[in-house]
Structures are given as structure tokens and as C-alpha cells.
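Q: If it helps, the file is called input_13.cif and holds mmCIF, C-alpha atoms and all ligand atoms:
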data_my_file
#
loop_
_atom_site.label_atom_id
_atom_site.label_comp_id
_atom_site.auth_asym_id
_atom_site.auth_seq_id
_atom_site.Cartn_x
_atom_site.Cartn_y
_atom_site.Cartn_z
CA MET A 1 -53.10 52.17 10.89
CA ALA A 2 -49.85 50.88 9.44
CA GLN A 3 -50.28 49.74 5.84
CA GLN A 4 -48.90 46.77 3.92
CA LEU A 5 -48.80 45.57 0.32
CA ALA A 6 -51.33 42.90 -0.61
CA LEU A 7 -52.62 41.15 -3.72
CA LEU A 8 -56.26 42.25 -3.73
CA LEU A 9 -59.18 40.58 -5.45
CA PRO A 10 -61.46 43.62 -5.78
CA GLU A 11 -64.69 41.78 -6.58
CA LYS A 12 -66.19 38.40 -7.44
CA HIS A 13 -64.70 37.18 -10.76
CA GLY A 14 -62.37 40.22 -10.64
CA LYS A 15 -58.70 40.59 -11.51
CA TYR A 16 -55.94 40.30 -8.91
CA THR A 17 -54.24 43.70 -8.36
CA VAL A 18 -51.45 44.73 -5.98
CA GLY A 19 -52.60 47.44 -3.57
CA SER A 20 -52.36 48.38 0.06
CA ARG A 21 -54.43 47.55 3.14
CA PRO A 22 -53.99 47.82 6.91
CA ILE A 23 -51.78 45.45 8.85
CA PRO A 24 -54.25 43.58 11.09
CA THR A 25 -53.98 43.27 14.87
CA PRO A 26 -54.18 39.77 16.38
CA GLY A 27 -57.23 39.08 18.55
CA PRO A 28 -57.50 36.36 21.21
CA GLY A 29 -55.94 33.09 20.03
CA ASP A 30 -54.37 34.64 16.91
CA VAL A 31 -50.83 35.52 15.88
CA LEU A 32 -49.61 38.11 13.36
CA ILE A 33 -47.02 36.71 10.94
CA GLU A 34 -44.64 38.59 8.65
CA VAL A 35 -44.95 36.49 5.49
CA HIS A 36 -41.55 35.75 3.93
CA ALA A 37 -42.77 33.05 1.53
CA ALA A 38 -46.27 32.23 0.24
CA GLY A 39 -47.23 29.08 -1.69
CA LEU A 40 -49.38 29.18 -4.83
CA ASN A 41 -52.37 26.83 -5.01
CA GLY A 42 -55.03 25.93 -7.57
CA ILE A 43 -57.78 26.99 -5.15
CA ASP A 44 -56.80 30.64 -5.68
CA ASN A 45 -57.76 30.26 -9.35
CA TYR A 46 -60.96 28.53 -8.31
CA ILE A 47 -61.89 31.34 -5.91
CA ARG A 48 -61.34 33.99 -8.58
CA LEU A 49 -63.11 32.16 -11.41
CA VAL A 50 -66.02 30.63 -9.48
CA GLY A 51 -66.42 33.15 -6.69
CA ALA A 52 -66.44 30.40 -4.03
CA PHE A 53 -65.44 30.48 -0.34
CA ILE A 54 -65.40 34.29 -0.07
CA ASP A 55 -68.22 36.79 0.28
CA THR A 56 -66.43 39.99 1.38
CA TYR A 57 -64.43 42.12 -1.05
CA PRO A 58 -61.77 43.29 -1.61
CA ALA A 59 -60.48 39.84 -0.72
CA VAL A 60 -56.97 38.53 -0.09
CA THR A 61 -56.39 34.87 -0.96
CA GLY A 62 -53.22 32.77 -0.63
CA HIS A 63 -53.43 29.53 1.29
CA GLU A 64 -50.09 28.96 2.95
CA GLY A 65 -47.22 30.97 4.30
CA ALA A 66 -43.96 30.84 6.20
CA GLY A 67 -42.45 33.68 8.17
CA VAL A 68 -41.80 35.27 11.54
CA VAL A 69 -44.31 35.87 14.33
CA LYS A 70 -44.50 39.63 14.98
CA ALA A 71 -47.25 39.79 17.62
CA VAL A 72 -49.40 37.38 19.59
CA GLY A 73 -52.97 37.84 20.81
CA LYS A 74 -54.40 37.14 24.23
CA ASP A 75 -54.46 33.47 25.34
CA VAL A 76 -51.74 32.33 22.94
CA ARG A 77 -49.39 30.07 24.87
CA ASP A 78 -47.18 27.93 22.63
CA ILE A 79 -46.16 30.56 20.05
CA ALA A 80 -44.06 33.66 20.82
CA GLU A 81 -42.92 36.79 19.01
CA GLY A 82 -39.84 35.97 16.93
CA ASP A 83 -40.77 32.30 16.29
CA ARG A 84 -40.20 31.05 12.74
CA VAL A 85 -43.40 29.32 11.58
CA LEU A 86 -45.41 27.88 8.71
CA PHE A 87 -49.21 28.05 8.53
CA GLU A 88 -52.38 27.69 6.47
CA CYS A 89 -54.84 30.50 5.79
CA TRP A 90 -58.55 30.78 6.36
CA PHE A 91 -61.06 32.58 4.16
CA SER A 92 -60.90 36.20 5.25
CA ALA A 93 -58.79 39.09 3.96
CA ASP A 94 -56.74 39.30 7.17
CA ARG A 95 -55.89 35.58 6.93
CA GLY A 96 -54.79 35.28 3.29
CA THR A 97 -51.07 34.89 2.63
CA TYR A 98 -50.76 36.97 -0.56
CA GLN A 99 -49.80 39.96 1.57
CA GLN A 100 -46.92 41.00 3.78
CA TYR A 101 -48.60 40.33 7.15
CA SER A 102 -51.23 37.71 7.86
CA LEU A 103 -53.21 36.59 10.90
CA ALA A 104 -53.40 32.91 11.82
CA ASP A 105 -55.12 30.86 14.50
CA ALA A 106 -52.25 29.82 16.79
CA ARG A 107 -53.69 26.28 17.13
CA GLY A 108 -52.87 25.53 13.49
CA VAL A 109 -49.42 27.18 13.41
CA THR A 110 -46.28 25.02 13.16
CA LYS A 111 -42.90 26.17 14.46
CA ILE A 112 -40.00 25.35 12.14
CA PRO A 113 -36.33 24.64 12.91
CA ASP A 114 -33.68 27.30 12.15
CA SER A 115 -32.14 24.96 9.57
CA LEU A 116 -35.29 25.05 7.39
CA SER A 117 -35.53 27.97 4.95
CA PHE A 118 -38.86 29.76 4.54
CA ASP A 119 -38.84 28.72 0.88
CA ASP A 120 -38.65 25.03 1.78
CA ALA A 121 -41.04 25.39 4.71
CA VAL A 122 -43.81 26.93 2.60
CA THR A 123 -43.97 23.83 0.38
CA LEU A 124 -45.50 21.96 3.32
CA PRO A 125 -48.57 23.51 5.00
CA VAL A 126 -51.28 22.68 2.44
CA SER A 127 -49.71 19.47 1.14
CA PHE A 128 -49.00 18.00 4.57
CA ALA A 129 -52.48 18.83 5.86
CA THR A 130 -54.17 17.52 2.72
CA ALA A 131 -52.27 14.23 2.94
CA ALA A 132 -52.90 13.90 6.69
CA VAL A 133 -56.62 14.78 6.56
CA GLY A 134 -57.22 12.39 3.65
CA LEU A 135 -55.46 9.45 5.26
CA TYR A 136 -56.11 9.89 8.97
CA ALA A 137 -59.05 12.19 9.75
CA PRO A 138 -61.94 10.21 11.23
CA LYS A 139 -64.60 9.07 8.77
CA SER A 140 -67.27 11.77 8.42
CA LYS A 141 -68.75 13.86 5.58
CA ARG A 142 -65.72 16.23 5.62
CA GLY A 143 -63.36 13.73 7.22
CA GLY A 144 -60.84 11.26 5.89
CA ALA A 145 -60.20 7.56 5.34
CA GLY A 146 -59.97 7.00 9.11
CA LEU A 147 -56.63 5.15 9.23
CA THR A 148 -54.86 4.94 12.59
CA PRO A 149 -52.46 7.92 12.40
CA PHE A 150 -48.77 7.04 12.53
CA TRP A 151 -48.38 9.47 15.45
CA GLU A 152 -50.75 7.45 17.64
CA GLU A 153 -49.89 4.31 19.60
CA GLY A 154 -49.66 1.38 17.19
CA GLY A 155 -50.03 3.60 14.12
CA GLN A 156 -46.44 3.73 12.87
CA GLY A 157 -45.89 0.85 10.45
CA LYS A 158 -49.42 -0.49 11.10
CA TYR A 159 -50.23 -1.05 7.44
CA THR A 160 -47.14 -3.06 6.57
CA SER A 161 -47.92 -5.53 3.78
CA GLU A 162 -50.92 -3.54 2.58
CA PRO A 163 -50.72 -1.83 -0.83
CA ILE A 164 -51.62 1.79 -1.45
CA VAL A 165 -51.97 3.50 -4.83
CA ILE A 166 -51.16 7.25 -4.93
CA LEU A 167 -51.98 8.78 -8.31
CA GLY A 168 -49.80 11.80 -9.13
CA GLY A 169 -46.70 11.22 -6.98
CA SER A 170 -44.78 14.22 -8.37
CA SER A 171 -47.53 16.67 -7.40
CA CYS A 172 -47.07 18.58 -4.15
CA VAL A 173 -49.84 16.70 -2.36
CA GLY A 174 -48.71 13.39 -3.88
CA GLN A 175 -45.17 13.88 -2.52
CA LEU A 176 -46.41 14.34 1.05
CA THR A 177 -48.97 11.53 0.81
CA ILE A 178 -46.22 9.12 -0.21
CA GLN A 179 -44.07 10.19 2.74
CA LEU A 180 -46.93 9.69 5.19
CA ALA A 181 -47.93 6.35 3.61
CA LYS A 182 -44.37 5.21 4.22
CA LEU A 183 -44.54 6.19 7.90
CA SER A 184 -47.77 4.17 8.12
CA GLY A 185 -45.89 1.18 6.70
CA PHE A 186 -47.77 0.68 3.41
CA ASN A 187 -45.95 -1.65 1.02
CA PRO A 188 -45.97 -1.57 -1.92
CA ILE A 189 -46.51 2.16 -2.45
CA ILE A 190 -47.47 2.46 -6.12
CA SER A 191 -47.55 5.85 -7.82
CA THR A 192 -47.76 7.57 -11.22
CA CYS A 193 -45.91 10.50 -12.79
CA SER A 194 -43.96 11.45 -15.95
CA THR A 195 -40.68 9.65 -16.64
CA HIS A 196 -38.52 12.65 -15.73
CA ASN A 197 -40.00 12.66 -12.19
CA ILE A 198 -39.68 8.93 -11.41
CA ASP A 199 -36.56 9.32 -9.23
CA TYR A 200 -38.18 12.23 -7.38
CA VAL A 201 -41.23 10.11 -6.59
CA LYS A 202 -39.07 7.16 -5.49
CA GLN A 203 -37.08 9.47 -3.18
CA ALA A 204 -40.33 10.33 -1.40
CA GLY A 205 -40.84 6.62 -0.70
CA ALA A 206 -42.75 5.08 -3.60
CA THR A 207 -41.71 1.48 -4.25
CA HIS A 208 -43.16 1.30 -7.79
CA VAL A 209 -43.65 4.25 -10.14
CA ILE A 210 -45.50 4.06 -13.45
CA ASP A 211 -45.31 6.69 -16.20
CA TYR A 212 -48.98 7.46 -16.92
CA LYS A 213 -48.07 8.66 -20.41
CA GLU A 214 -46.55 5.28 -21.32
CA THR A 215 -49.08 3.12 -19.47
CA SER A 216 -52.48 4.70 -19.98
CA TYR A 217 -54.87 4.97 -17.05
CA ALA A 218 -57.06 2.38 -18.80
CA ASP A 219 -54.18 -0.09 -18.51
CA LEU A 220 -53.16 0.88 -14.97
CA PRO A 221 -55.29 -1.72 -13.08
CA ALA A 222 -53.58 -4.52 -15.03
CA ALA A 223 -50.13 -3.01 -14.41
CA ILE A 224 -50.86 -2.82 -10.68
CA ALA A 225 -52.14 -6.41 -10.62
CA LYS A 226 -48.70 -7.47 -11.88
CA ILE A 227 -47.05 -5.64 -8.92
CA THR A 228 -49.31 -7.02 -6.18
CA PRO A 229 -52.03 -9.65 -6.08
CA GLN A 230 -53.50 -8.09 -2.92
CA PRO A 231 -56.72 -6.08 -3.05
CA CYS A 232 -56.11 -2.36 -2.72
CA GLN A 233 -58.12 -0.88 0.16
CA LEU A 234 -56.82 2.66 -0.27
CA VAL A 235 -56.32 4.85 -3.32
CA TYR A 236 -55.24 8.49 -2.91
CA ASP A 237 -55.92 10.42 -6.10
CA ALA A 238 -53.71 13.51 -5.79
CA ILE A 239 -54.76 14.68 -9.29
CA SER A 240 -58.53 14.00 -9.28
CA THR A 241 -59.51 14.55 -12.90
CA GLY A 242 -62.49 12.52 -14.09
CA GLU A 243 -60.05 10.05 -15.67
CA THR A 244 -57.84 9.53 -12.61
CA GLN A 245 -60.83 9.24 -10.27
CA LYS A 246 -62.50 6.60 -12.46
CA THR A 247 -59.23 4.66 -12.69
CA GLY A 248 -58.76 4.86 -8.92
CA TRP A 249 -62.31 3.63 -8.40
CA ASN A 250 -61.66 0.62 -10.66
CA ILE A 251 -58.47 -0.24 -8.76
CA LEU A 252 -60.18 0.06 -5.36
CA ALA A 253 -61.26 -3.14 -3.58
CA SER A 254 -64.78 -3.36 -2.13
CA ASN A 255 -64.98 -1.72 1.30
CA GLY A 256 -61.94 0.42 0.41
CA SER A 257 -61.64 4.24 0.36
CA ILE A 258 -60.60 6.61 -2.42
CA CYS A 259 -59.43 10.10 -1.44
CA VAL A 260 -60.09 12.80 -4.05
CA LEU A 261 -59.10 16.48 -4.01
CA LEU A 262 -61.57 17.93 -6.51
CA PRO A 263 -65.35 17.38 -6.70
CA PRO A 264 -66.06 13.63 -6.80
CA HIS A 265 -66.80 11.89 -10.10
CA VAL A 266 -67.10 8.48 -8.44
CA GLY A 267 -69.09 6.90 -5.61
CA LYS A 268 -71.18 8.88 -3.15
CA TYR A 269 -69.56 11.88 -1.48
CA GLY A 270 -68.96 11.12 2.20
CA GLU A 271 -70.92 7.85 2.09
CA GLU A 272 -70.41 4.24 1.18
CA ALA A 273 -71.54 3.05 -2.23
CA GLU A 274 -73.43 -0.25 -2.63
CA ASP A 275 -70.24 -2.34 -2.60
CA GLY A 276 -68.89 -0.56 0.49
CA LYS A 277 -66.43 1.62 -1.47
CA ARG A 278 -66.15 5.06 0.08
CA THR A 279 -65.34 8.41 -1.58
CA VAL A 280 -63.43 10.81 0.66
CA TYR A 281 -63.50 14.38 -0.65
CA VAL A 282 -60.56 15.87 1.21
CA PHE A 283 -60.55 19.42 2.51
CA GLY A 284 -56.92 19.82 3.54
CA ASN A 285 -57.00 22.68 5.99
CA VAL A 286 -56.16 22.39 9.69
CA ASN A 287 -58.30 25.50 10.31
CA ASP A 288 -61.48 23.80 9.09
CA PRO A 289 -63.85 24.26 12.08
CA GLU A 290 -64.55 20.50 12.11
CA HIS A 291 -60.84 19.73 12.53
CA GLN A 292 -60.22 22.59 14.96
CA ASP A 293 -63.16 21.68 17.19
CA SER A 294 -62.18 18.01 17.33
CA GLY A 295 -58.54 18.91 17.99
CA PHE A 296 -57.41 16.96 14.89
CA GLY A 297 -56.20 20.12 13.08
CA GLY A 298 -53.99 21.14 16.00
CA VAL A 299 -52.56 17.63 16.28
CA VAL A 300 -51.65 17.68 12.57
CA ALA A 301 -49.91 21.06 12.95
CA LYS A 302 -47.94 19.93 16.02
CA THR A 303 -47.07 16.56 14.43
CA LEU A 304 -45.51 18.41 11.50
CA GLU A 305 -43.48 20.45 14.01
CA LYS A 306 -42.09 17.24 15.51
CA LEU A 307 -41.36 15.65 12.13
CA LEU A 308 -39.48 18.76 10.99
CA ALA A 309 -37.44 18.87 14.19
CA GLU A 310 -36.48 15.20 13.62
CA GLY A 311 -35.90 15.72 9.89
CA THR A 312 -38.44 12.96 9.10
CA VAL A 313 -40.42 14.92 6.50
CA ARG A 314 -38.90 16.36 3.33
CA PRO A 315 -40.10 19.58 1.71
CA THR A 316 -40.93 19.30 -1.98
CA ARG A 317 -38.94 20.86 -4.78
CA VAL A 318 -39.53 24.58 -4.95
CA GLU A 319 -39.53 27.24 -7.66
CA VAL A 320 -39.53 30.92 -6.68
CA VAL A 321 -41.76 32.98 -8.98
CA LEU A 322 -40.11 36.36 -9.45
CA GLY A 323 -41.80 39.70 -8.82
CA GLY A 324 -43.13 39.04 -5.31
CA LEU A 325 -46.87 39.73 -5.09
CA HIS A 326 -46.76 40.97 -8.72
CA GLY A 327 -45.65 37.51 -9.89
CA ILE A 328 -48.59 35.57 -8.45
CA GLN A 329 -51.01 36.00 -11.36
CA THR A 330 -48.46 34.56 -13.83
CA GLY A 331 -47.73 31.67 -11.47
CA LEU A 332 -51.42 30.91 -11.01
CA GLU A 333 -51.88 30.85 -14.80
CA ARG A 334 -49.06 28.29 -15.06
CA LEU A 335 -50.80 26.13 -12.46
CA MET A 336 -54.14 26.41 -14.27
CA THR A 337 -52.68 25.39 -17.63
CA GLY A 338 -50.75 22.40 -16.24
CA LYS A 339 -47.33 23.97 -16.85
CA VAL A 340 -45.84 22.99 -13.49
CA SER A 341 -44.07 19.66 -13.10
CA GLY A 342 -42.68 18.37 -9.82
CA ALA A 343 -42.30 21.70 -8.00
CA LYS A 344 -44.12 24.04 -5.63
CA LEU A 345 -44.46 27.59 -6.93
CA ILE A 346 -43.86 30.20 -4.26
CA VAL A 347 -43.41 33.99 -4.00
CA HIS A 348 -41.72 36.41 -1.59
CA PRO A 349 -44.35 38.98 -0.50
CA GLN A 350 -41.78 41.14 1.30
N1 LIG T 401 -59.07 19.46 -1.70
C1 LIG T 401 -57.98 20.02 -1.17
O1 LIG T 401 -57.93 20.27 0.04
C2 LIG T 401 -56.80 20.30 -2.04
C3 LIG T 401 -55.57 20.62 -1.44
C4 LIG T 401 -54.46 20.83 -2.27
C5 LIG T 401 -54.60 20.73 -3.64
N2 LIG T 401 -55.83 20.46 -4.17
C6 LIG T 401 -55.99 20.29 -5.62
O2 LIG T 401 -55.31 19.09 -5.94
C7 LIG T 401 -54.66 19.18 -7.18
C8 LIG T 401 -53.17 18.92 -6.98
O3 LIG T 401 -52.59 19.98 -6.22
P1 LIG T 401 -51.01 20.09 -6.12
O4 LIG T 401 -50.68 21.43 -5.59
O5 LIG T 401 -50.47 18.91 -5.43
O6 LIG T 401 -50.67 20.01 -7.66
P2 LIG T 401 -49.33 20.34 -8.48
O7 LIG T 401 -48.15 19.94 -7.68
O8 LIG T 401 -49.35 21.73 -8.97
O9 LIG T 401 -49.56 19.37 -9.73
C9 LIG T 401 -48.60 19.29 -10.74
C10 LIG T 401 -48.26 17.82 -10.93
O10 LIG T 401 -49.41 17.12 -11.39
C11 LIG T 401 -48.94 15.99 -12.07
N3 LIG T 401 -49.98 15.46 -12.96
C12 LIG T 401 -50.77 16.18 -13.79
N4 LIG T 401 -51.62 15.33 -14.43
C13 LIG T 401 -51.34 14.09 -13.98
C14 LIG T 401 -51.90 12.81 -14.23
N5 LIG T 401 -52.90 12.64 -15.12
N6 LIG T 401 -51.40 11.75 -13.56
C15 LIG T 401 -50.37 11.90 -12.69
N7 LIG T 401 -49.80 13.09 -12.41
C16 LIG T 401 -50.29 14.16 -13.05
C17 LIG T 401 -47.74 16.47 -12.82
O11 LIG T 401 -46.89 15.34 -12.89
P3 LIG T 401 -45.76 15.11 -14.04
O12 LIG T 401 -45.17 16.47 -14.34
O13 LIG T 401 -44.82 14.15 -13.40
O14 LIG T 401 -46.50 14.55 -15.21
C18 LIG T 401 -47.16 17.60 -11.93
O15 LIG T 401 -46.00 17.22 -11.23
C19 LIG T 401 -54.98 20.58 -7.71
O16 LIG T 401 -56.13 20.48 -8.52
C20 LIG T 401 -55.33 21.36 -6.45
O17 LIG T 401 -56.17 22.44 -6.70
C21 LIG T 401 -56.93 20.24 -3.40
#
Just give me the structure as C-alpha cells.
Ligand SMILES: NC(=O)c1ccc[n+]([C@@H]2O[C@H](COP(=O)([O-])OP(=O)(O)OC[C@H]3O[C@@H](n4cnc5c(N)ncnc54)[C@H](OP(=O)(O)O)[C@@H]3O)[C@@H](O)[C@H]2O)c1
A:
Amino acid sequence: MAQQLALLLPEKHGKYTVGSRPIPTPGPGDVLIEVHAAGLNGIDNYIRLVGAFIDTYPAVTGHEGAGVVKAVGKDVRDIAEGDRVLFECWFSADRGTYQQYSLADARGVTKIPDSLSFDDAVTLPVSFATAAVGLYAPKSKRGGAGLTPFWEEGGQGKYTSEPIVILGGSSCVGQLTIQLAKLSGFNPIISTCSTHNIDYVKQAGATHVIDYKETSYADLPAAIAKITPQPCQLVYDAISTGETQKTGWNILASNGSICVLLPPHVGKYGEEAEDGKRTVYVFGNVNDPEHQDSGFGGVVAKTLEKLLAEGTVRPTRVEVVLGGLHGIQTGLERLMTGKVSGAKLIVHPQ
């Protein structure tokens, strides 16, 4: 079988090493993609350190990619060889994006316009899905806040005059959540970041941006009360430390929802607390069987395709980590130690 270069995780708690493995063949419903850009995500550190999500080794991680379709499996209709696409992974070695060729379920693959570079495109798969699942997936244990999606009848601009608080607006997920909140009409859109990223966060659509290093999270509820007297029914915590989650919970009105991205420190996971507040623990992957079976994952992927064709969604800032697959470990260490500010780290596996 033809071989490719891949970043291999040889064993649970092991060390990432570049090696070679076969180029997989797409089965029914799958496509084979030549990966030109792969995005780095905190979950790859989590998988290595905790040993979660994966039980077969050597493993290949990497959660998002952009590239060119090289082959399509049986029953694939909307995607063809030669299409330029972006996509999310799933948890098997053939479907990780830290390698030169990856398989993907065609239902979750998004075609991209010729004008969009692979580097810009790869800033979007995980962040767009994580924003969309958190805000719009139906309420369920693994679902979202259940808002009417902006792509459905009556959804665009539906939440005009309702406030939303998005903690961490310069993060990759924060950037996309702000853009989607704007399409849903939320106003004001209040966010937090460091001073040097305030313009970046406003460009995404935030109406009010607070530097969390100048106004501590303990003082944030009072600062928000000065911006709007309305109760806040939705908080999206794109950072999700214990501190940000507790602050978000304090800001949240009764019967509201808080979306968190890391294990919940507040409320009851997937259920309402006594005062009706709900904790949504987002799993931002269109390939999650729950979202694929319901069709929601496919709708998210195709909605992104439409938004990119119209130019409605902006990629985030991007920083290319040098060294291709060899650069990933250094990039992941920077993510783990909080040394990335307002940019998506990506690599070029080719
Ligand atoms: N559950 C899921 O499905 C899912 C999906 C994606 C990501 N995640 C997780 O969500 C987190 C964010 O991911 P990401 O890729 O969006 O992160 P990222 O872009 O790498 O995060 C870096 C940003 O975080 C900001 N930040 C750090 N501490 C902050 C704080 N206390 N308040 C406000 N902003 C703060 C920094 O802002 P400044 O530089 O402006 O200070 C920086 O721009 C990670 O832990 C990731 O593993 C989970």
C-alpha cells in the first residue's frame, strides 16, 4: 500500500513521533483528502496526557483539516475528486488530520471557494462547529442551548435586543461564536479579552469588549450591569476555566443557559439546576453520531459552505507553525501553556 507521513502517538500517554503509515482507502460514504493545512487544538494535548477518546494505537490525532479531495467512496454524491474542502476529524487513525491523507465522512465535509486559502479555511472547522453546536443544537445531554438557528426560517436576527455574554472573544471559538451571535441578532454582544485584542474582537461583531486583566472576573457582573439592565439568558464561556465558568454562572439569569467547553464546574451537566439555569457542555464536532443521525451535523457543514460562498463568515487570524508535522509538538506545548493570543496555530503536513 502507498505510504504517507503521519504524526503517530505510539501508545497511551506516549510521545508524538513522525513516522509512516498506509494511505487509507475511502469506504462507502467517505472521502480521502490530501491535507494541506491542519489546525492545532487543545484536545490533542488532552488525548495524549489523559489517554481519552482513543483505544487503538498507534493513533493519529489532529482535529481539523483543509485540502483537496483525492478519492470518493461509494454513495458519495455532493463531493467530487478535486474539490477544495475543510473538515473535522473523528477518533480513528485514518481520520486524524496530523498526516498527509485523511478520511472523512462526506456528510460533514464543507466545500470552500477558490478565493479562500487552505490556511484561512483550516481556522474554521472546529471553531464554527463548536459555536454552532453550543448555540443551536437542540437541548439534550450532548446538545446545545436550543436557539432557533439563523439559517432556519425566522432565525436570522431573532434575538435582537437580547444580550449575550461571550467570555474569551479573541480565542478561536470565541471569534466564531461572536460572528454567529451577530447573525442571530443579539445586541449587545459583550465579550472579554486582553487590551491588544480588543479591535480584533470588535471586528468579529462584539459591541462591548472588556479587558479581563483590568476588570477582574469578580467585577465583571457589575461592569455588564452598567452596559445593559436586561437579564442575560445566554452566556458562552469560550475559555471555561473554573473562574470563567463561575463568573458566567453569576451573570446568567434564571432559566438561562451557559455553554462551556471543558468539564463543567457549575450547574448540572445537561440538566436544569434548581433555578432553571442550564449547563451546556459543548462537544463541537459535526461527526458526533448524535449530530450525524439527527442531520444537524450535516446542516452545520453545509451552512458553513453557504456562508463562505457569500463571504459572511471570517476566518480567524492564523499563525503557521514551521516544520510541518515535526512542528506540531512545539505548537501544542504553546497552546497548553497559554502562549497563544488571538491566533489559530496551523501546520502544513505536506
Ligand atoms: N468542547 C469542545 O468541543 C471544544 C472545542 C474547541 C475548543 N475547546 C477548548 O476550548 C478552549 C478554547 O479553545 P480555542 O481553540 O478557542 O482557544 P485558543 O484560541 O487557543 O485560546 C487562546 C485565547 O484564550 C484567551 N484567554 C485565555 N484566558 C482567558 C481568560 N481568562 N479570559 C478571556 N480570554 C482568555 C486569550 O485571550 P487574550 O490573548 O486576548 O488574553 C487567547 O486569545 C480550549 O481549552 C480548548 O481545548 C473545546
Q: When you draw a straight line from atom C11 of ligand LIG 401 (chain T) to atom CA of A:Gly168, how long is it in Å?
A: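 Rounded to one decimal, the two atoms are 5.2 Å apart.
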Q: My list of candidates is A:Glu243, A:Asp275, A:Glu88, A:Asp75. Which is closest to ligand LIG 401 (chain T) when distances are computed with all atoms listed in the file?
A: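 Smallest separation from ligand LIG 401 (chain T) among the options: A:Glu243.
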Q: Could you give me the residues within 7 Å of ligand LIG 401 (chain T), counting all atoms listed in the file, as a VMD selection string?
A: chain A and resid 41 to 43 126 to 127 130 167 to 174 192 to 197 212 238 to 240 244 261 to 262 281 to 285 335 338 340 to 344
Q: So the first atom is atom CA of A:Thr25 and the second is atom CA of A:Tyr46; what is the distance between them in Å, to one decimal place?
A: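 Value for the atom CA of A:Thr25-atom CA of A:Tyr46 distance: 28.3 Å.
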Q: I'd like the interatomic distance between atom CA of A:Lys70 and atom CA of A:Val31, to a tenth of an Å.
A: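 That distance, rounded to one decimal, is 7.6 Å.
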Q: Which of these, A:Pro231, A:Gly144, A:Pro26, A:Gly67, has the shortest distance to A:Glu162 once you count only C-alpha atoms?
A: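 When distances to A:Glu162 are compared using only C-alpha atoms, the smallest one comes from A:Pro231.
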Q: Using 12 Å as the limit and counting all atoms listed in the file, can you tabulate each residue of stretch 226-320 of chain A that touches stretch 214-219 of chain A, with its shortest atom-to-atom distance in Å and the two atoms involved, as JSON lines?
A:
{"residue": "A:Lys226", "atom": "CA", "partner": "A:Asp219", "partner_atom": "CA", "distance": 11.3}
{"residue": "A:Thr241", "atom": "CA", "partner": "A:Tyr217", "partner_atom": "CA", "distance": 11.4}
{"residue": "A:Gly242", "atom": "CA", "partner": "A:Tyr217", "partner_atom": "CA", "distance": 11.1}
{"residue": "A:Glu243", "atom": "CA", "partner": "A:Tyr217", "partner_atom": "CA", "distance": 7.4}
{"residue": "A:Thr244", "atom": "CA", "partner": "A:Tyr217", "partner_atom": "CA", "distance": 7.0}
{"residue": "A:Gln245", "atom": "CA", "partner": "A:Tyr217", "partner_atom": "CA", "distance": 10.0}
{"residue": "A:Lys246", "atom": "CA", "partner": "A:Tyr217", "partner_atom": "CA", "distance": 9.1}
{"residue": "A:Thr247", "atom": "CA", "partner": "A:Tyr217", "partner_atom": "CA", "distance": 6.2}
{"residue": "A:Gly248", "atom": "CA", "partner": "A:Tyr217", "partner_atom": "CA", "distance": 9.0}
{"residue": "A:Trp249", "atom": "CA", "partner": "A:Tyr217", "partner_atom": "CA", "distance": 11.5}
{"residue": "A:Asn250", "atom": "CA", "partner": "A:Ala218", "partner_atom": "CA", "distance": 9.5}
{"residue": "A:Ile251", "atom": "CA", "partner": "A:Tyr217", "partner_atom": "CA", "distance": 10.4}
Q: Counting all atoms listed in the file, write as a list in words all protein and nucleic acid residues lying at most 7 Å from (-39.4, 24.8, 13.3) in the file's frame.
A: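 Residues found, by chain and rising number: Arg84, Val85, Thr110, Lys111, Ile112, Pro113, Asp114, Glu305, Leu308 and Ala309 of chain A.
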